[in-house]
Amino acid sequence: MRQIYLDNAATTPLLPEVRDEVIRSLTEDFGNPSSLHRLGLQSERRIKESRNSIAQLMNVPADSVIFTSGGTEANNLAILGTTRARKRYGNHCITTQIEHSSVLNTFAYLESEGWDVSYLPVDNQGLLDLKDLEKAIRKDTVLVSIGHVNSEIGSVQPISRIGQFLKANYPDIIFHSDAVQSFGKIRLRPVDWGIDLLSASGHKVHAPKGIGILYIKKGTPLTTLQWGGGQEMGIRSGTENLTGIVGFGKAAQLIYEFMDREDDTIRKMKMTLAKGISEAVPEAVINGPRPDEGAPHILNISIPGIRGETLLHVLESHGVYISTGSACSSRRTKISHVLEAIGAPIQIAEGAIRLSLSYMSDPEELLLVPDILRKSVDQVKRFTRR
Amino acid sequence: MLPYFNQDFGNPSSIHLYGRQARKAVDKARESTAKVLNAKFDEIFFTGGGTESDNWAIKGIAFANKNKGKHIITSSIEHHAVLYTCEYLEKMGFEVTYLPVDRYGMVDPQEVERAIRSDTILVSIMFANNEIGTIQPIKEIGAIAKSKDVYFHTDAVQAVGSVDIDVEDMNIDLLSLSGHKIYGPKGIGALYIRKGTKIVPLLHGGAQERNRRAGTENIPGIVGLGKAIELAHTNMEKNNKRLIGLRDRLINGIMNRIDHVLLNGHPNLRLPGNVNLSFEYIEGESLLLSLDMKGIAASSGSACTSGSLDPSHVLLAIGLSHEIAHGSLRITLGEDNTEEDVDYVLEVLPPIVQRLREMSPLFVQEKGGCQYV
């Protein structure tokens with residue numbers, strides 16, 4: 001049976017070129033980058049090359065990119081690092097209700113330490129109102145953290161407008177954006193957009209798991225989370241995950257070429273998929289933004305009356321792999337906090353499934369999906385009506 | 001590791017087949033790791049490396065138990081991942097006692113006992129030192145910590161795979177380890193946390209690692225670590241015997257061929273592959289460069305601090321002067337090294353030392369030439 005992987009927002013396979021580079025690096029670049037001998041220097045050089053490739057993708061100086069163990073650490077470092085560094089200036093942060101758990105749970109931890117956190121609402125498309133942000137800002141606000149692309153429904157926040165607004169009116173407030181889902185899919189320009197900190201993760205863009213980055217605008221106050229040997233310009237100690245770094249660099253290089261072509265490959269596939277589904281399964285409703293408006297790779301739909309988890313298992317039996325929400329929370333049975341925030345009724349929220357694409361998705365394969373979905377839905381309906 | 005890059009590449013939190021396969025791989029590695037430490041399966045937590053494990057153990061215990069007390073005991077020769085974390089905690093209002101070591105780099109368990117106060121919440125002493133290889137009396141320290149009801153953490157990054165570790169027998173509550181020091185990949189480590197230990201997470205987010213360490217699991221890294229630790233343990237006895245033979249051949253060979261050399265660390269209670277020597281009248285850095293040109297990759301101290309000009313805090317703690325500490329060389333032998341490698345070092349090192357000493361004004365002045373080399 002054909003295996004169609006449509007869970008690329010959870011994680012992606014390595015691009016073949018990345019895999020080759022990772023395997024080469026695993027065996028050849030085993031020197032500790034901090035060592036002074038040749039093997040160490042070779043490893044150090046590889047890190048520099050990778051940092052350059054990633055920086056180039058966002059048009060930022062190479063020394064503003066710090067490697068972490070992943071998106072979660074990058075988000076934790078951004079939020080805990082700035083609040084600890086700015087403790088004397090205030091006690092208030094602003095975020096949204098639909099952030100990833102690595103942002104929300106970090107803020108929950110800060111609240112337990114006595115911080116005040118405002119969680120801004122979003123509309124039924126998952127979009128933030130700039131006026132709400134403006135109203136929430138206080139004298140003691142030190143950090144605003146707003147994710148770029150939502151991992152579940154693919155809504156895209158206007159972070160360039162938010163960043164420019166903050167820089168023009170509140171230059172002392174630090175602005176962080178979790179760009180784990182947009183990095184490599186949407187052109188990011190943190191310097192022009194007034195962003196101080198931006199998180200991204202390797203395994204969402206065909207690089208290995210266990211590697212991420214935090215872009216840190218020069219001069220942003222940040223206390224480190226991890227003390228030790230002083231690697232990564234003193235901001236993130238620990239022997240560098242060389243294989244991960246090399247793999248991330250290679251993936252960034254390849255994605256730069258994809259994005260440079262500007263042919264919008266992923267969105268075209270998504271539009272075709274959405275159209276196919278609306279024809280084959282007309283009862284399906286889209287959660288969040290319209291396919292031409294949201295992120296290019298995420299489509300979230302519900303079939304009224306059918307539970308997402310049931311559909312997931314039936315689809316899996318036909319070789320189609322999807323998700324019911326963000327993978328990090330899919331093991332919890334409660335309904336998605338994102339769908340709750342956009343006001344989805346509980347029956348719709350319980351029925352939500354997420355289909356997500358990547359540069360490695362095959363347009364031919366995707367043409368099969370609407371019929372498989374139709375078949376699966378009918379199977380479930382027969383079963384539940386009995 | 002390779003299949004986990006693009007065949008079984010799933011996210012272990014996903015409930016479909018790809019996710020389940022990844023989950024299975026993580027569980028298998030967890031089991032191997034637990035077995036080697038005589039820990040339970042659900043007491044092993046994977047991290048981004050040894051530094052993260054150390055930071056998590058120390059900060060996690062400190063912040064979770066600050067109501068009980070704010071005093072921490074460690075030694076003056078810990079890795080910087082431990083020392084700098086303790087310094088940070090001092091700034092946050094904690095009090096830290098840095099125990100001295102003897103000239104072999106050994107912590108005295110009785111000093112640990114004397115240092116424990118009613119408000120002590122944690123003792124953190126490394127299992128084996130990364131620079132001079134000295135192995136600490138962990139079992140004695142563990143027994144003391146247990147009798148005083150204080151958490152005991154050990155940084156075992158250098159010891160795993162070289163020394164027998166039994167967290168039950170040694171009363172260890174938390175233990176840090178790292179993949180790349182035992183022929184596993186970089187960017188992966190683990191923290192053993194005894195069941196029932198009160199600790200807060202370092203990274204917040206998804207419910208991975210049973211809600212204690214958020215972040216999508218580094219599957220190939222975890223699989224690599226599991227395999228590496230399994231192999232290291234299986235072959236430990238055989239490897240150690242061979243490494244100790246090579247190590248002592250190298251130490252004795254150098255001491256016999258070159259004068260004014262000191263062995264740093266304990267003569268017997270040291271890591272099987274660790275050689276650390278101080279060459280009087282020589283800059284360690286020049287020695288390294290000369291060796292590098294001969295194809296020998298060594299270090300002057302711990303790799304993490306080799307970029308700095310400060311002498312090693314470990315060598316200063318065992319009582320060496322700045323000058324002598326600067327002339328130190330660490331050679332760590334591993335599975336790939338052979339007797340020929342050792343003999344090659346013994347062949348090229350003496351003339352290098354002689355040449356460097358002849359260029360040293362101090363040596364020429366004090367010894368009047370090269371006849372002492």
# chains A, B, ... in the order shown; residues from 1 in each chain; ligands from 1
>>> interface_residues(of="chain B", to="chain A", cutoff="7 Å", atoms="only C-alpha atoms", output="compact mmCIF listing (two decimals) with N, CA and C atoms, in the first residue's frame")
# COMPACT_ATOMS: atom_id res chain seq x y z
N PHE B 5 16.62 8.60 10.36
CA PHE B 5 16.67 9.91 9.70
C PHE B 5 15.58 10.07 8.66
N ASN B 6 15.37 9.02 7.81
CA ASN B 6 14.26 9.23 6.87
C ASN B 6 13.34 8.04 6.59
N PHE B 9 11.03 8.29 10.67
CA PHE B 9 11.36 9.67 11.04
C PHE B 9 10.28 10.33 11.87
N GLY B 10 9.28 9.57 12.30
CA GLY B 10 8.10 10.16 12.93
C GLY B 10 8.39 10.93 14.20
N ASN B 11 7.39 11.73 14.60
CA ASN B 11 7.43 12.44 15.86
C ASN B 11 6.80 11.51 16.91
N SER B 13 5.40 11.87 19.52
CA SER B 13 4.14 12.29 20.12
C SER B 13 2.97 12.04 19.20
N SER B 14 3.23 11.73 17.93
CA SER B 14 2.14 11.44 17.00
C SER B 14 1.57 10.08 17.32
N HIS B 16 0.02 8.08 15.14
CA HIS B 16 0.00 7.13 14.02
C HIS B 16 1.26 6.28 14.00
N GLY B 48 19.47 17.46 25.83
CA GLY B 48 20.29 17.91 24.71
C GLY B 48 21.79 17.76 24.95
N GLY B 49 22.20 17.14 26.04
CA GLY B 49 23.62 16.92 26.29
C GLY B 49 23.97 17.00 27.77
N THR B 51 25.73 19.18 29.41
CA THR B 51 25.57 20.51 30.00
C THR B 51 24.12 20.74 30.42
N GLU B 52 23.20 20.39 29.56
CA GLU B 52 21.79 20.55 29.93
C GLU B 52 21.44 19.68 31.14
N ASN B 55 22.79 21.37 34.26
CA ASN B 55 22.01 22.58 34.56
C ASN B 55 20.65 22.22 35.13
N HIS B 80 32.60 23.17 34.16
CA HIS B 80 31.98 24.50 34.20
C HIS B 80 30.46 24.46 34.13
N ALA B 81 29.93 23.39 33.54
CA ALA B 81 28.47 23.27 33.49
C ALA B 81 27.90 23.22 34.91
N VAL B 82 28.67 22.68 35.84
CA VAL B 82 28.25 22.64 37.24
C VAL B 82 28.65 23.93 37.95
N TYR B 84 29.48 27.02 36.88
CA TYR B 84 28.82 28.27 36.50
C TYR B 84 27.33 28.27 36.88
N THR B 85 26.73 27.07 36.87
CA THR B 85 25.34 26.98 37.31
C THR B 85 25.25 27.34 38.79
N LYS B 186 26.91 13.69 19.18
CA LYS B 186 26.85 14.94 19.95
C LYS B 186 25.41 15.43 20.00
N GLY B 187 25.11 16.23 21.01
CA GLY B 187 23.77 16.83 21.09
C GLY B 187 22.75 15.94 21.76
N LEU B 203 13.19 22.95 30.77
CA LEU B 203 12.50 23.35 29.55
C LEU B 203 11.01 23.04 29.67
N HIS B 204 10.19 24.03 29.39
CA HIS B 204 8.74 23.90 29.52
C HIS B 204 8.11 23.78 28.14
N GLY B 205 7.04 23.02 28.03
CA GLY B 205 6.36 22.91 26.74
C GLY B 205 5.53 21.67 26.64
N GLY B 206 5.76 20.89 25.57
CA GLY B 206 4.99 19.67 25.34
C GLY B 206 5.21 18.67 26.47
N ALA B 207 4.44 17.58 26.41
CA ALA B 207 4.44 16.64 27.52
C ALA B 207 5.50 15.55 27.37
N ALA B 214 10.47 19.10 27.95
CA ALA B 214 9.73 19.36 26.73
C ALA B 214 10.66 19.42 25.53
N GLY B 215 10.08 19.23 24.36
CA GLY B 215 10.84 19.31 23.11
C GLY B 215 10.76 17.99 22.36
N GLU B 217 11.66 14.77 20.72
CA GLU B 217 12.82 13.94 21.02
C GLU B 217 13.77 13.85 19.83
N ASN B 218 15.06 13.92 20.10
CA ASN B 218 16.10 13.75 19.09
C ASN B 218 16.28 12.24 18.86
N ILE B 219 15.43 11.68 18.01
CA ILE B 219 15.37 10.21 17.89
C ILE B 219 16.71 9.58 17.49
N ASP B 292 50.14 18.74 17.07
CA ASP B 292 49.16 18.76 15.99
C ASP B 292 49.86 18.63 14.64
N ALA B 297 46.36 14.68 18.05
CA ALA B 297 45.33 15.58 18.55
C ALA B 297 45.19 15.39 20.05
N SER B 299 44.98 17.87 24.06
CA SER B 299 44.42 19.12 24.57
C SER B 299 45.22 19.59 25.77
N ALA B 303 38.29 20.66 26.78
CA ALA B 303 38.10 21.28 25.47
C ALA B 303 37.26 22.55 25.58
N CYS B 304 36.33 22.57 26.50
CA CYS B 304 35.41 23.70 26.58
C CYS B 304 36.10 24.99 26.98
N THR B 305 37.25 24.87 27.62
CA THR B 305 37.90 26.10 28.06
C THR B 305 39.21 26.31 27.32
N SER B 306 39.50 25.45 26.34
CA SER B 306 40.80 25.54 25.70
C SER B 306 40.95 26.83 24.91
N GLY B 307 39.83 27.49 24.61
CA GLY B 307 39.94 28.75 23.90
C GLY B 307 40.41 29.89 24.80
>>> residues_around(residues="segment 135-142 of chain A", least_positions_apart="6", cutoff="7 Å", atoms="only C-alpha atoms", output="ChimeraX atom specification")
/A:86,89-93,173-174
>>> write_last_selection(atoms="C-alpha atoms", output="PDB file, in the first residue's frame")
ATOM      1  CA  ARG A  86      14.658  42.462  32.475  1.00  0.00           C
ATOM      2  CA  TYR A  89      12.247  46.823  34.521  1.00  0.00           C
ATOM      3  CA  GLY A  90       8.883  45.178  34.868  1.00  0.00           C
ATOM      4  CA  ASN A  91       6.758  42.217  35.631  1.00  0.00           C
ATOM      5  CA  HIS A  92       4.424  41.857  32.669  1.00  0.00           C
ATOM      6  CA  CYS A  93       4.431  39.892  29.401  1.00  0.00           C
ATOM      7  CA  ILE A 173       9.680  46.126  24.858  1.00  0.00           C
ATOM      8  CA  ILE A 174      11.347  42.982  23.560  1.00  0.00           C
TER       9      ILE A 174
END
>>> closest_atom_pairs(of="segment 182-217 of chain B", to="segment 113-137 of chain B", cutoff="12 Å", atoms="only C-alpha atoms", output="Markdown table")
| residue | atom | partner | partner_atom | distance |
| --- | --- | --- | --- | --- |
| B:Thr197 | CA | B:Leu122 | CA | 11.5 |
| B:Lys198 | CA | B:Ile121 | CA | 10.7 |
| B:Ile199 | CA | B:Leu122 | CA | 11.4 |
>>> select_by_dssp(residues="segment 139-258 of chain A", states="strand (DSSP E or B)", output="list in words")
Thr141, Val142, Leu143, Val144, Ser145, Val149, Val156, Ile174, Phe175, His176, Ser177, Asp178, Leu197, Leu198, Ser199, Ala200, Ser201, Gly212, Ile213, Leu214, Tyr215 and Ile216 of chain A
>>> select_by_dssp(residues="segment 82-319 of chain B", states="alpha helix (DSSP H)", output="JSON, numbers by chain")
{"B": [82, 83, 84, 85, 86, 87, 88, 89, 90, 91, 109, 110, 111, 112, 113, 114, 115, 138, 139, 140, 141, 142, 143, 144, 145, 146, 147, 208, 209, 210, 211, 219, 220, 221, 222, 223, 224, 225, 226, 227, 228, 229, 230, 231, 232, 233, 234, 236, 237, 238, 239, 240, 241, 242, 243, 244, 245, 246, 247, 248, 249, 250, 251, 252, 253, 254, 255, 256, 257, 284, 285, 286, 287, 288, 289, 290, 291, 292, 293, 313, 314, 315, 316, 317]}
